[in-house]
There are 2 protein chains.
Amino acid sequence: MPPQASAGQLDADQIDELLRAEYIARIACHASGRTYVVPVLYAYDGDYVYGHASEGMKLRLMRANPEVCFDVERIESLTDWRTVIGWGRFEELHGDAANHAEQLLVERVMRLLPATPKARSGDHPAPRRAVVYRIALVERSGRYERR
Amino acid sequence: MPPQASAGQLDADQIDELLRAEYIARIACHASGRTYVVPVLYAYDGDYVYGHASEGMKLRLMRANPEVCFDVERIESLTDWRTVIGWGRFEELHGDAANHAEQLLVERVMRLLPATPKARSGDHPAPRRAVVYRIALVERSGRYERR
């Protein structure tokens with residue numbers, strides 16, 4: 001028999017699994033009458049989403065209004081997809097907290113790269129971007145379809 | 001020699017090409033203190049982006065504040081990607097305009113489906129969703145990286 005077609009809500013474990021598995025999210029933010037959405041590389045530790053950014057529109061808007069929305073997708077086809085939408089609060093990190101976040105981001109990127117000589121990850125650390133931030137996901141929901 | 005690494009802005013033709021080639025966008029909207037971003041299926045005719053939606057948060061927010069932001073991506077890897085971010089005005093469609101938009105959306109979906117017996121597209125038209133809309137893209141920008 002073919003697998004059962006289904007669609008509906010993701011449960012908390014499925015939401016967590018998608019957030020850990022993916023690495024590109026879209027952050028939507030809004031301030032001063034301007035709405036903006038942009039893809040970002042992220043790392044996730046179960047509570048927070050971490051990212052880094054250079055100075056620009058995204059940082060300007062998130063500083064002005066830290067309440068942001070967050071979208072992660074795994075879209076195989078029009079009839080086989082899952083998405084997580086979350087809401088949370090942008091927070092700029094400094095000092096040890098920034099170093100911890102940067103480390104998580106570097107580890108996330110390293111897992112994406114093809115196997116390379118071991119020296120490479122140690123010899124060429126990612127350059128520190130202007131700003132490291134986290135978003136506490138206070139609300140999240142997930143949907144899926146599989147037909 | 002390896003291909004030259006490069007990064008920068010997409011020109012108008014490259015922006016147009018990406019909008020025509022892709023079919024999933026993220027619409028970000030904001031009203032009453034709530035920011036929302038959600039992936040949508042879209043069709044593009046050079047001027048407008050068309051989509052359909054059921055009643056829900058997305059429609060509620062776009063009706064309250066029709067100024068939305070729009071994100072289309074082609075991400076091959078962390079170092080090979082292009083994105084287009086656009087801004088425009090949400091507009092609900094009715095009558096002939098809605099039928100025209102629905103037709104563009106059906107054609108867009110049909111081009112994505114694997115080859116199927118010809119009768120299929122005619123016998124099973126997509127059900128009309130609650131609302132058909134368009135977004136006039138009044139501002140757009142594109143970026144890419146290839147290393």
# chains A, B, ... in the order shown; residues from 1 in each chain; ligands from 1
>>> residues_around(residues="stretch 64-81 of chain B", least_positions_apart="6", cutoff="7 Å", atoms="only C-alpha atoms", output="ChimeraX atom specification")
/A:35-38 /B:19,24-31,87-90,144-147
>>> select_by_dssp(residues="chain A", states="strand (DSSP E)", output="PyMOL selection string")
chain A and resi 6-9+24-31+34-41+43-44+48-53+67-77+80-93+131-146
>>> write_last_selection(atoms="C-alpha atoms", output="tab-separated table (two decimals), in the first residue's frame")
chain	number	residue	atom	x	y	z
A	6	SER	CA	-1.35	13.54	5.52
A	7	ALA	CA	-1.06	17.18	6.50
A	8	GLY	CA	-1.33	19.12	9.72
A	9	GLN	CA	0.62	20.51	12.66
A	24	ILE	CA	19.07	28.78	6.80
A	25	ALA	CA	16.20	30.76	8.34
A	26	ARG	CA	14.40	33.90	7.30
A	27	ILE	CA	14.11	36.65	9.86
A	28	ALA	CA	11.30	39.15	9.43
A	29	CYS	CA	11.47	42.42	11.31
A	30	HIS	CA	9.62	45.70	11.27
A	31	ALA	CA	10.30	49.23	12.47
A	34	ARG	CA	9.42	49.26	7.09
A	35	THR	CA	8.99	45.46	7.01
A	36	TYR	CA	12.01	43.41	6.00
A	37	VAL	CA	12.72	39.71	5.54
A	38	VAL	CA	16.13	38.25	4.84
A	39	PRO	CA	17.70	34.79	4.89
A	40	VAL	CA	20.33	34.16	7.57
A	41	LEU	CA	22.62	31.35	8.64
A	43	ALA	CA	22.58	27.79	14.90
A	44	TYR	CA	20.05	26.49	17.43
A	48	TYR	CA	17.91	30.21	21.31
A	49	VAL	CA	18.57	30.83	17.67
A	50	TYR	CA	21.99	32.42	17.08
A	51	GLY	CA	23.19	34.46	14.15
A	52	HIS	CA	25.68	37.10	13.15
A	53	ALA	CA	25.24	40.21	11.07
A	67	GLU	CA	10.21	41.49	18.26
A	68	VAL	CA	10.95	39.38	15.18
A	69	CYS	CA	9.45	36.44	13.30
A	70	PHE	CA	11.46	33.45	12.15
A	71	ASP	CA	10.83	30.93	9.33
A	72	VAL	CA	12.59	27.60	8.75
A	73	GLU	CA	11.60	25.34	5.85
A	74	ARG	CA	12.29	21.94	4.40
A	75	ILE	CA	10.55	21.94	1.04
A	76	GLU	CA	11.04	18.78	-1.01
A	77	SER	CA	8.17	19.52	-3.38
A	80	ASP	CA	6.09	17.26	0.62
A	81	TRP	CA	7.21	20.00	2.97
A	82	ARG	CA	7.46	21.09	6.58
A	83	THR	CA	7.86	24.58	8.00
A	84	VAL	CA	8.38	26.12	11.42
A	85	ILE	CA	7.38	29.70	12.17
A	86	GLY	CA	8.60	31.19	15.44
A	87	TRP	CA	8.44	34.49	17.23
A	88	GLY	CA	11.04	35.84	19.58
A	89	ARG	CA	13.12	38.71	20.85
A	90	PHE	CA	16.34	39.86	19.23
A	91	GLU	CA	19.22	40.39	21.66
A	92	GLU	CA	22.73	41.56	20.83
A	93	LEU	CA	25.49	39.54	22.50
A	131	VAL	CA	27.48	41.71	15.68
A	132	VAL	CA	26.50	38.37	17.19
A	133	TYR	CA	22.92	38.02	18.35
A	134	ARG	CA	20.40	35.54	19.65
A	135	ILE	CA	16.66	35.24	19.44
A	136	ALA	CA	14.76	33.62	22.29
A	137	LEU	CA	11.97	31.70	20.58
A	138	VAL	CA	9.01	32.34	22.87
A	139	GLU	CA	6.40	30.98	20.47
A	140	ARG	CA	6.71	28.44	17.68
A	141	SER	CA	4.42	26.46	15.43
A	142	GLY	CA	4.97	23.96	12.67
A	143	ARG	CA	3.04	22.63	9.70
A	144	TYR	CA	3.60	19.86	7.23
A	145	GLU	CA	2.12	18.19	4.19
A	146	ARG	CA	3.05	14.84	2.71
>>> closest_residue(among="A:Ala98, A:Ala130, A:Tyr23, A:Gly46", to="chain B", atoms="only C-alpha atoms")
A:Tyr23
>>> select_by_dssp(residues="chain B", states="alpha helix (DSSP H)", output="CSV table (one decimal) with all heavy atoms, in the first residue's frame")
chain,number,residue,atom,x,y,z
B,12,ALA,N,19.2,44.1,-12.9
B,12,ALA,CA,17.8,44.0,-13.1
B,12,ALA,C,17.4,42.7,-13.8
B,12,ALA,O,16.4,42.0,-13.5
B,12,ALA,CB,17.2,45.2,-13.8
B,13,ASP,N,18.2,42.3,-14.8
B,13,ASP,CA,17.9,41.1,-15.6
B,13,ASP,C,18.0,39.9,-14.7
B,13,ASP,O,17.3,38.9,-14.8
B,13,ASP,CB,18.8,41.0,-16.8
B,13,ASP,CG,18.4,42.0,-17.9
B,13,ASP,OD1,17.3,42.5,-17.8
B,13,ASP,OD2,19.2,42.2,-18.8
B,14,GLN,N,19.1,39.9,-13.9
B,14,GLN,CA,19.3,38.7,-13.0
B,14,GLN,C,18.2,38.6,-11.9
B,14,GLN,O,17.8,37.5,-11.6
B,14,GLN,CB,20.7,38.8,-12.3
B,14,GLN,CG,21.8,38.7,-13.3
B,14,GLN,CD,23.2,39.1,-12.7
B,14,GLN,OE1,23.3,40.1,-12.0
B,14,GLN,NE2,24.2,38.3,-13.0
B,15,ILE,N,17.7,39.7,-11.5
B,15,ILE,CA,16.6,39.7,-10.5
B,15,ILE,C,15.4,39.1,-11.1
B,15,ILE,O,14.7,38.3,-10.6
B,15,ILE,CB,16.4,41.2,-10.0
B,15,ILE,CG1,17.5,41.6,-9.1
B,15,ILE,CG2,15.0,41.3,-9.3
B,15,ILE,CD1,17.5,43.1,-8.6
B,16,ASP,N,15.1,39.6,-12.4
B,16,ASP,CA,13.9,39.1,-13.1
B,16,ASP,C,14.1,37.6,-13.3
B,16,ASP,O,13.1,36.9,-13.2
B,16,ASP,CB,13.8,39.9,-14.4
B,16,ASP,CG,12.4,39.9,-14.9
B,16,ASP,OD1,11.6,40.6,-14.3
B,16,ASP,OD2,12.1,39.2,-15.9
B,17,GLU,N,15.2,37.2,-13.7
B,17,GLU,CA,15.4,35.8,-14.0
B,17,GLU,C,15.1,34.9,-12.8
B,17,GLU,O,14.5,33.9,-12.9
B,17,GLU,CB,16.9,35.5,-14.5
B,17,GLU,CG,17.2,34.1,-15.0
B,17,GLU,CD,17.6,33.2,-13.9
B,17,GLU,OE1,18.2,33.6,-12.9
B,17,GLU,OE2,17.3,32.0,-14.0
B,18,LEU,N,15.6,35.3,-11.6
B,18,LEU,CA,15.4,34.6,-10.4
B,18,LEU,C,13.9,34.5,-10.0
B,18,LEU,O,13.4,33.5,-9.7
B,18,LEU,CB,16.2,35.1,-9.2
B,18,LEU,CG,16.2,34.2,-8.0
B,18,LEU,CD1,17.0,32.9,-8.3
B,18,LEU,CD2,16.8,34.9,-6.8
B,19,LEU,N,13.2,35.7,-10.2
B,19,LEU,CA,11.8,35.7,-9.8
B,19,LEU,C,11.0,34.8,-10.8
B,19,LEU,O,10.0,34.2,-10.3
B,19,LEU,CB,11.3,37.1,-9.9
B,19,LEU,CG,11.8,38.1,-8.8
B,19,LEU,CD1,11.3,39.5,-9.1
B,19,LEU,CD2,11.3,37.7,-7.5
B,20,ARG,N,11.4,34.7,-12.0
B,20,ARG,CA,10.7,33.8,-13.0
B,20,ARG,C,11.0,32.3,-12.7
B,20,ARG,O,10.2,31.5,-13.0
B,20,ARG,CB,11.0,34.2,-14.4
B,20,ARG,CG,10.4,35.5,-14.9
B,20,ARG,CD,10.7,35.8,-16.3
B,20,ARG,NE,10.4,37.2,-16.7
B,20,ARG,CZ,9.2,37.6,-17.0
B,20,ARG,NH1,8.2,36.8,-17.0
B,20,ARG,NH2,9.1,38.9,-17.3
B,21,ALA,N,12.2,32.0,-12.3
B,21,ALA,CA,12.6,30.7,-12.2
B,21,ALA,C,12.1,30.0,-10.9
B,21,ALA,O,11.8,28.8,-10.9
B,21,ALA,CB,14.2,30.6,-12.2
B,57,MET,N,-3.9,34.3,9.5
B,57,MET,CA,-3.1,35.4,10.0
B,57,MET,C,-2.5,36.2,8.9
B,57,MET,O,-2.5,37.5,8.9
B,57,MET,CB,-2.0,34.9,10.9
B,57,MET,CG,-1.2,36.1,11.6
B,57,MET,SD,0.3,35.5,12.5
B,57,MET,CE,-0.4,34.4,13.7
B,58,LYS,N,-2.0,35.5,7.8
B,58,LYS,CA,-1.4,36.3,6.7
B,58,LYS,C,-2.3,37.3,6.1
B,58,LYS,O,-2.0,38.4,5.9
B,58,LYS,CB,-0.9,35.2,5.7
B,58,LYS,CG,-0.2,35.8,4.5
B,58,LYS,CD,0.3,34.7,3.6
B,58,LYS,CE,-0.8,33.7,3.1
B,58,LYS,NZ,-0.3,32.6,2.4
B,59,LEU,N,-3.5,36.8,5.7
B,59,LEU,CA,-4.5,37.7,5.1
B,59,LEU,C,-4.9,38.8,6.0
B,59,LEU,O,-5.1,40.0,5.6
B,59,LEU,CB,-5.7,36.9,4.7
B,59,LEU,CG,-5.7,36.2,3.3
B,59,LEU,CD1,-7.0,35.6,3.0
B,59,LEU,CD2,-5.4,37.2,2.2
B,60,ARG,N,-5.1,38.5,7.3
B,60,ARG,CA,-5.5,39.5,8.3
B,60,ARG,C,-4.5,40.6,8.3
B,60,ARG,O,-4.9,41.8,8.3
B,60,ARG,CB,-5.7,38.8,9.6
B,60,ARG,CG,-6.7,39.4,10.5
B,60,ARG,CD,-7.2,38.5,11.6
B,60,ARG,NE,-6.1,37.9,12.4
B,60,ARG,CZ,-5.8,36.6,12.5
B,60,ARG,NH1,-6.5,35.7,11.9
B,60,ARG,NH2,-4.8,36.3,13.3
B,61,LEU,N,-3.2,40.2,8.4
B,61,LEU,CA,-2.2,41.3,8.5
B,61,LEU,C,-2.0,42.1,7.2
B,61,LEU,O,-1.8,43.3,7.3
B,61,LEU,CB,-0.9,40.6,8.9
B,61,LEU,CG,-0.8,40.0,10.3
B,61,LEU,CD1,0.6,39.4,10.6
B,61,LEU,CD2,-1.2,40.9,11.4
B,62,MET,N,-2.1,41.4,6.1
B,62,MET,CA,-1.9,42.1,4.8
B,62,MET,C,-3.0,43.0,4.5
B,62,MET,O,-2.8,44.1,3.9
B,62,MET,CB,-1.7,41.1,3.7
B,62,MET,CG,-0.3,40.3,3.8
B,62,MET,SD,0.2,39.5,2.2
B,62,MET,CE,-1.1,38.3,2.0
B,63,ARG,N,-4.2,42.6,5.0
B,63,ARG,CA,-5.4,43.6,4.8
B,63,ARG,C,-5.2,44.8,5.7
B,63,ARG,O,-5.5,45.9,5.3
B,63,ARG,CB,-6.7,42.9,5.1
B,63,ARG,CG,-7.1,41.9,4.0
B,63,ARG,CD,-8.3,41.0,4.5
B,63,ARG,NE,-8.8,40.2,3.5
B,63,ARG,CZ,-9.4,39.0,3.7
B,63,ARG,NH1,-9.6,38.6,4.9
B,63,ARG,NH2,-9.9,38.3,2.7
B,64,ALA,N,-4.7,44.6,6.9
B,64,ALA,CA,-4.5,45.7,7.8
B,64,ALA,C,-3.4,46.6,7.4
B,64,ALA,O,-3.5,47.8,7.6
B,64,ALA,CB,-4.3,45.1,9.2
B,95,GLY,N,-13.1,38.8,-9.7
B,95,GLY,CA,-13.5,38.7,-11.0
B,95,GLY,C,-12.5,38.3,-12.0
B,95,GLY,O,-11.7,37.4,-11.8
B,96,ASP,N,-12.4,39.0,-13.2
B,96,ASP,CA,-11.5,38.6,-14.2
B,96,ASP,C,-10.0,38.7,-13.8
B,96,ASP,O,-9.2,37.8,-14.1
B,96,ASP,CB,-11.6,39.6,-15.5
B,96,ASP,CG,-12.9,39.3,-16.2
B,96,ASP,OD1,-13.6,38.2,-15.9
B,96,ASP,OD2,-13.3,40.1,-17.1
B,97,ALA,N,-9.7,39.7,-13.0
B,97,ALA,CA,-8.3,39.8,-12.5
B,97,ALA,C,-8.0,38.6,-11.6
B,97,ALA,O,-6.8,38.0,-11.7
B,97,ALA,CB,-8.1,41.1,-11.7
B,98,ALA,N,-8.9,38.1,-10.8
B,98,ALA,CA,-8.7,36.9,-10.0
B,98,ALA,C,-8.5,35.7,-10.9
B,98,ALA,O,-7.7,34.8,-10.6
B,98,ALA,CB,-9.8,36.7,-9.0
B,99,ASN,N,-9.4,35.6,-11.9
B,99,ASN,CA,-9.3,34.4,-12.8
B,99,ASN,C,-8.0,34.4,-13.5
B,99,ASN,O,-7.3,33.3,-13.7
B,99,ASN,CB,-10.4,34.4,-13.8
B,99,ASN,CG,-11.8,34.2,-13.1
B,99,ASN,OD1,-11.8,33.6,-12.1
B,99,ASN,ND2,-12.9,34.7,-13.7
B,100,HIS,N,-7.5,35.5,-14.0
B,100,HIS,CA,-6.2,35.6,-14.7
B,100,HIS,C,-5.1,35.2,-13.7
B,100,HIS,O,-4.2,34.4,-14.1
B,100,HIS,CB,-6.0,37.1,-15.2
B,100,HIS,CG,-4.6,37.3,-15.7
B,100,HIS,ND1,-4.1,36.8,-16.8
B,100,HIS,CD2,-3.6,38.0,-15.1
B,100,HIS,CE1,-2.9,37.2,-17.0
B,100,HIS,NE2,-2.5,37.9,-16.0
B,101,ALA,N,-5.1,35.7,-12.5
B,101,ALA,CA,-4.0,35.3,-11.6
B,101,ALA,C,-4.1,33.8,-11.3
B,101,ALA,O,-3.0,33.1,-11.2
B,101,ALA,CB,-4.2,36.1,-10.3
B,102,GLU,N,-5.3,33.3,-11.1
B,102,GLU,CA,-5.4,31.9,-10.8
B,102,GLU,C,-4.9,31.0,-11.9
B,102,GLU,O,-4.2,30.0,-11.7
B,102,GLU,CB,-6.9,31.5,-10.6
B,102,GLU,CG,-7.2,30.1,-10.1
B,102,GLU,CD,-6.8,29.9,-8.6
B,102,GLU,OE1,-6.8,30.9,-7.8
B,102,GLU,OE2,-6.5,28.8,-8.3
B,103,GLN,N,-5.1,31.5,-13.1
B,103,GLN,CA,-4.6,30.8,-14.3
B,103,GLN,C,-3.1,30.8,-14.3
B,103,GLN,O,-2.4,29.7,-14.6
B,103,GLN,CB,-5.1,31.4,-15.6
B,103,GLN,CG,-4.8,30.7,-16.9
B,103,GLN,CD,-5.3,29.2,-16.9
B,103,GLN,OE1,-6.3,29.0,-16.3
B,103,GLN,NE2,-4.5,28.3,-17.5
B,104,LEU,N,-2.4,31.9,-14.0
B,104,LEU,CA,-1.0,32.0,-13.9
B,104,LEU,C,-0.4,31.0,-12.9
B,104,LEU,O,0.6,30.3,-13.1
B,104,LEU,CB,-0.5,33.4,-13.6
B,104,LEU,CG,-0.7,34.4,-14.7
B,104,LEU,CD1,-0.3,35.8,-14.2
B,104,LEU,CD2,0.2,34.1,-15.9
B,105,LEU,N,-1.1,30.9,-11.7
B,105,LEU,CA,-0.7,30.1,-10.7
B,105,LEU,C,-0.8,28.6,-11.0
B,105,LEU,O,0.1,27.8,-10.8
B,105,LEU,CB,-1.5,30.4,-9.4
B,105,LEU,CG,-1.1,31.7,-8.7
B,105,LEU,CD1,-2.2,32.2,-7.8
B,105,LEU,CD2,0.2,31.5,-7.9
B,106,VAL,N,-1.9,28.3,-11.7
B,106,VAL,CA,-2.1,26.9,-12.1
B,106,VAL,C,-1.0,26.5,-13.2
B,106,VAL,O,-0.4,25.4,-13.1
B,106,VAL,CB,-3.5,26.7,-12.8
B,106,VAL,CG1,-3.6,25.3,-13.5
B,106,VAL,CG2,-4.6,26.8,-11.7
B,107,GLU,N,-0.7,27.4,-14.1
B,107,GLU,CA,0.3,27.1,-15.1
B,107,GLU,C,1.7,27.0,-14.4
B,107,GLU,O,2.5,26.1,-14.8
B,107,GLU,CB,0.4,28.3,-16.1
B,107,GLU,CG,-0.8,28.3,-17.1
B,107,GLU,CD,-0.8,29.6,-17.9
B,107,GLU,OE1,0.1,30.4,-17.9
B,107,GLU,OE2,-1.9,29.7,-18.6
B,108,ARG,N,1.9,27.8,-13.4
B,108,ARG,CA,3.2,27.7,-12.7
B,108,ARG,C,3.3,26.3,-12.0
B,108,ARG,O,4.4,25.7,-12.0
B,108,ARG,CB,3.3,28.8,-11.6
B,108,ARG,CG,4.7,28.9,-11.0
B,108,ARG,CD,5.7,29.4,-12.0
B,108,ARG,NE,7.1,29.2,-11.5
B,108,ARG,CZ,7.8,28.1,-11.8
B,108,ARG,NH1,7.3,27.1,-12.4
B,108,ARG,NH2,9.1,28.1,-11.4
B,109,VAL,N,2.2,25.9,-11.4
B,109,VAL,CA,2.3,24.6,-10.7
B,109,VAL,C,2.4,23.4,-11.7
B,109,VAL,O,3.2,22.5,-11.5
B,109,VAL,CB,1.0,24.4,-9.9
B,109,VAL,CG1,0.9,22.9,-9.4
B,109,VAL,CG2,0.9,25.3,-8.7
B,110,MET,N,1.7,23.6,-12.8
B,110,MET,CA,1.8,22.5,-13.9
B,110,MET,C,3.2,22.3,-14.4
B,110,MET,O,3.7,21.2,-14.6
B,110,MET,CB,0.9,22.8,-15.0
B,110,MET,CG,-0.6,22.7,-14.7
B,110,MET,SD,-1.0,21.0,-14.2
B,110,MET,CE,-2.6,21.3,-13.4
B,111,ARG,N,4.0,23.4,-14.5
B,111,ARG,CA,5.4,23.3,-14.9
B,111,ARG,C,6.3,22.6,-13.9
B,111,ARG,O,7.4,22.1,-14.3
B,111,ARG,CB,6.0,24.7,-15.3
B,111,ARG,CG,5.3,25.3,-16.5
B,111,ARG,CD,6.3,26.3,-17.2
B,111,ARG,NE,6.8,27.3,-16.3
B,111,ARG,CZ,6.2,28.4,-15.9
B,111,ARG,NH1,5.0,28.7,-16.4
B,111,ARG,NH2,6.8,29.3,-15.1
B,112,LEU,N,5.8,22.5,-12.7
B,112,LEU,CA,6.6,21.9,-11.6
B,112,LEU,C,6.3,20.4,-11.5
B,112,LEU,O,7.1,19.6,-10.9
B,112,LEU,CB,6.3,22.5,-10.3
B,112,LEU,CG,6.7,24.0,-10.1
B,112,LEU,CD1,6.1,24.6,-8.8
B,112,LEU,CD2,8.2,24.1,-10.2
B,119,ALA,N,-4.8,14.3,-19.6
B,119,ALA,CA,-6.1,14.6,-19.1
B,119,ALA,C,-6.1,15.2,-17.7
B,119,ALA,O,-6.9,15.9,-17.2
B,119,ALA,CB,-6.9,13.3,-19.1
B,120,ARG,N,-5.0,14.9,-17.0
B,120,ARG,CA,-5.0,15.2,-15.5
B,120,ARG,C,-5.1,16.7,-15.2
B,120,ARG,O,-5.9,17.1,-14.4
B,120,ARG,CB,-3.7,14.7,-14.9
B,120,ARG,CG,-3.7,14.8,-13.4
B,120,ARG,CD,-2.7,13.8,-12.8
B,120,ARG,NE,-2.5,14.2,-11.4
B,120,ARG,CZ,-1.6,13.7,-10.6
B,120,ARG,NH1,-0.8,12.8,-11.1
B,120,ARG,NH2,-1.5,14.1,-9.4
B,121,SER,N,-4.4,17.5,-16.0
B,121,SER,CA,-4.5,18.9,-15.7
B,121,SER,C,-5.8,19.5,-16.0
B,121,SER,O,-6.3,20.4,-15.3
B,121,SER,CB,-3.4,19.7,-16.5
B,121,SER,OG,-3.7,19.6,-17.9
B,122,GLY,N,-6.5,19.0,-17.0
B,122,GLY,CA,-7.8,19.5,-17.4
B,122,GLY,C,-8.9,19.0,-16.5
B,122,GLY,O,-9.9,19.7,-16.1
B,123,ASP,N,-8.7,17.7,-16.0
B,123,ASP,CA,-9.8,17.1,-15.3
B,123,ASP,C,-9.8,17.5,-13.8
B,123,ASP,O,-10.8,17.4,-13.1
B,123,ASP,CB,-9.7,15.5,-15.3
B,123,ASP,CG,-10.0,15.0,-16.7
B,123,ASP,OD1,-10.4,15.8,-17.5
B,123,ASP,OD2,-9.8,13.8,-17.0
>>> closest_residue(among="A:Leu113, A:Asp11, A:Glu55, A:Glu22", to="chain B", atoms="only C-alpha atoms")
A:Leu113
>>> closest_residue(among="B:Pro114, B:Ala5, B:Gly56, B:Asp45", to="chain A", atoms="only C-alpha atoms")
B:Pro114
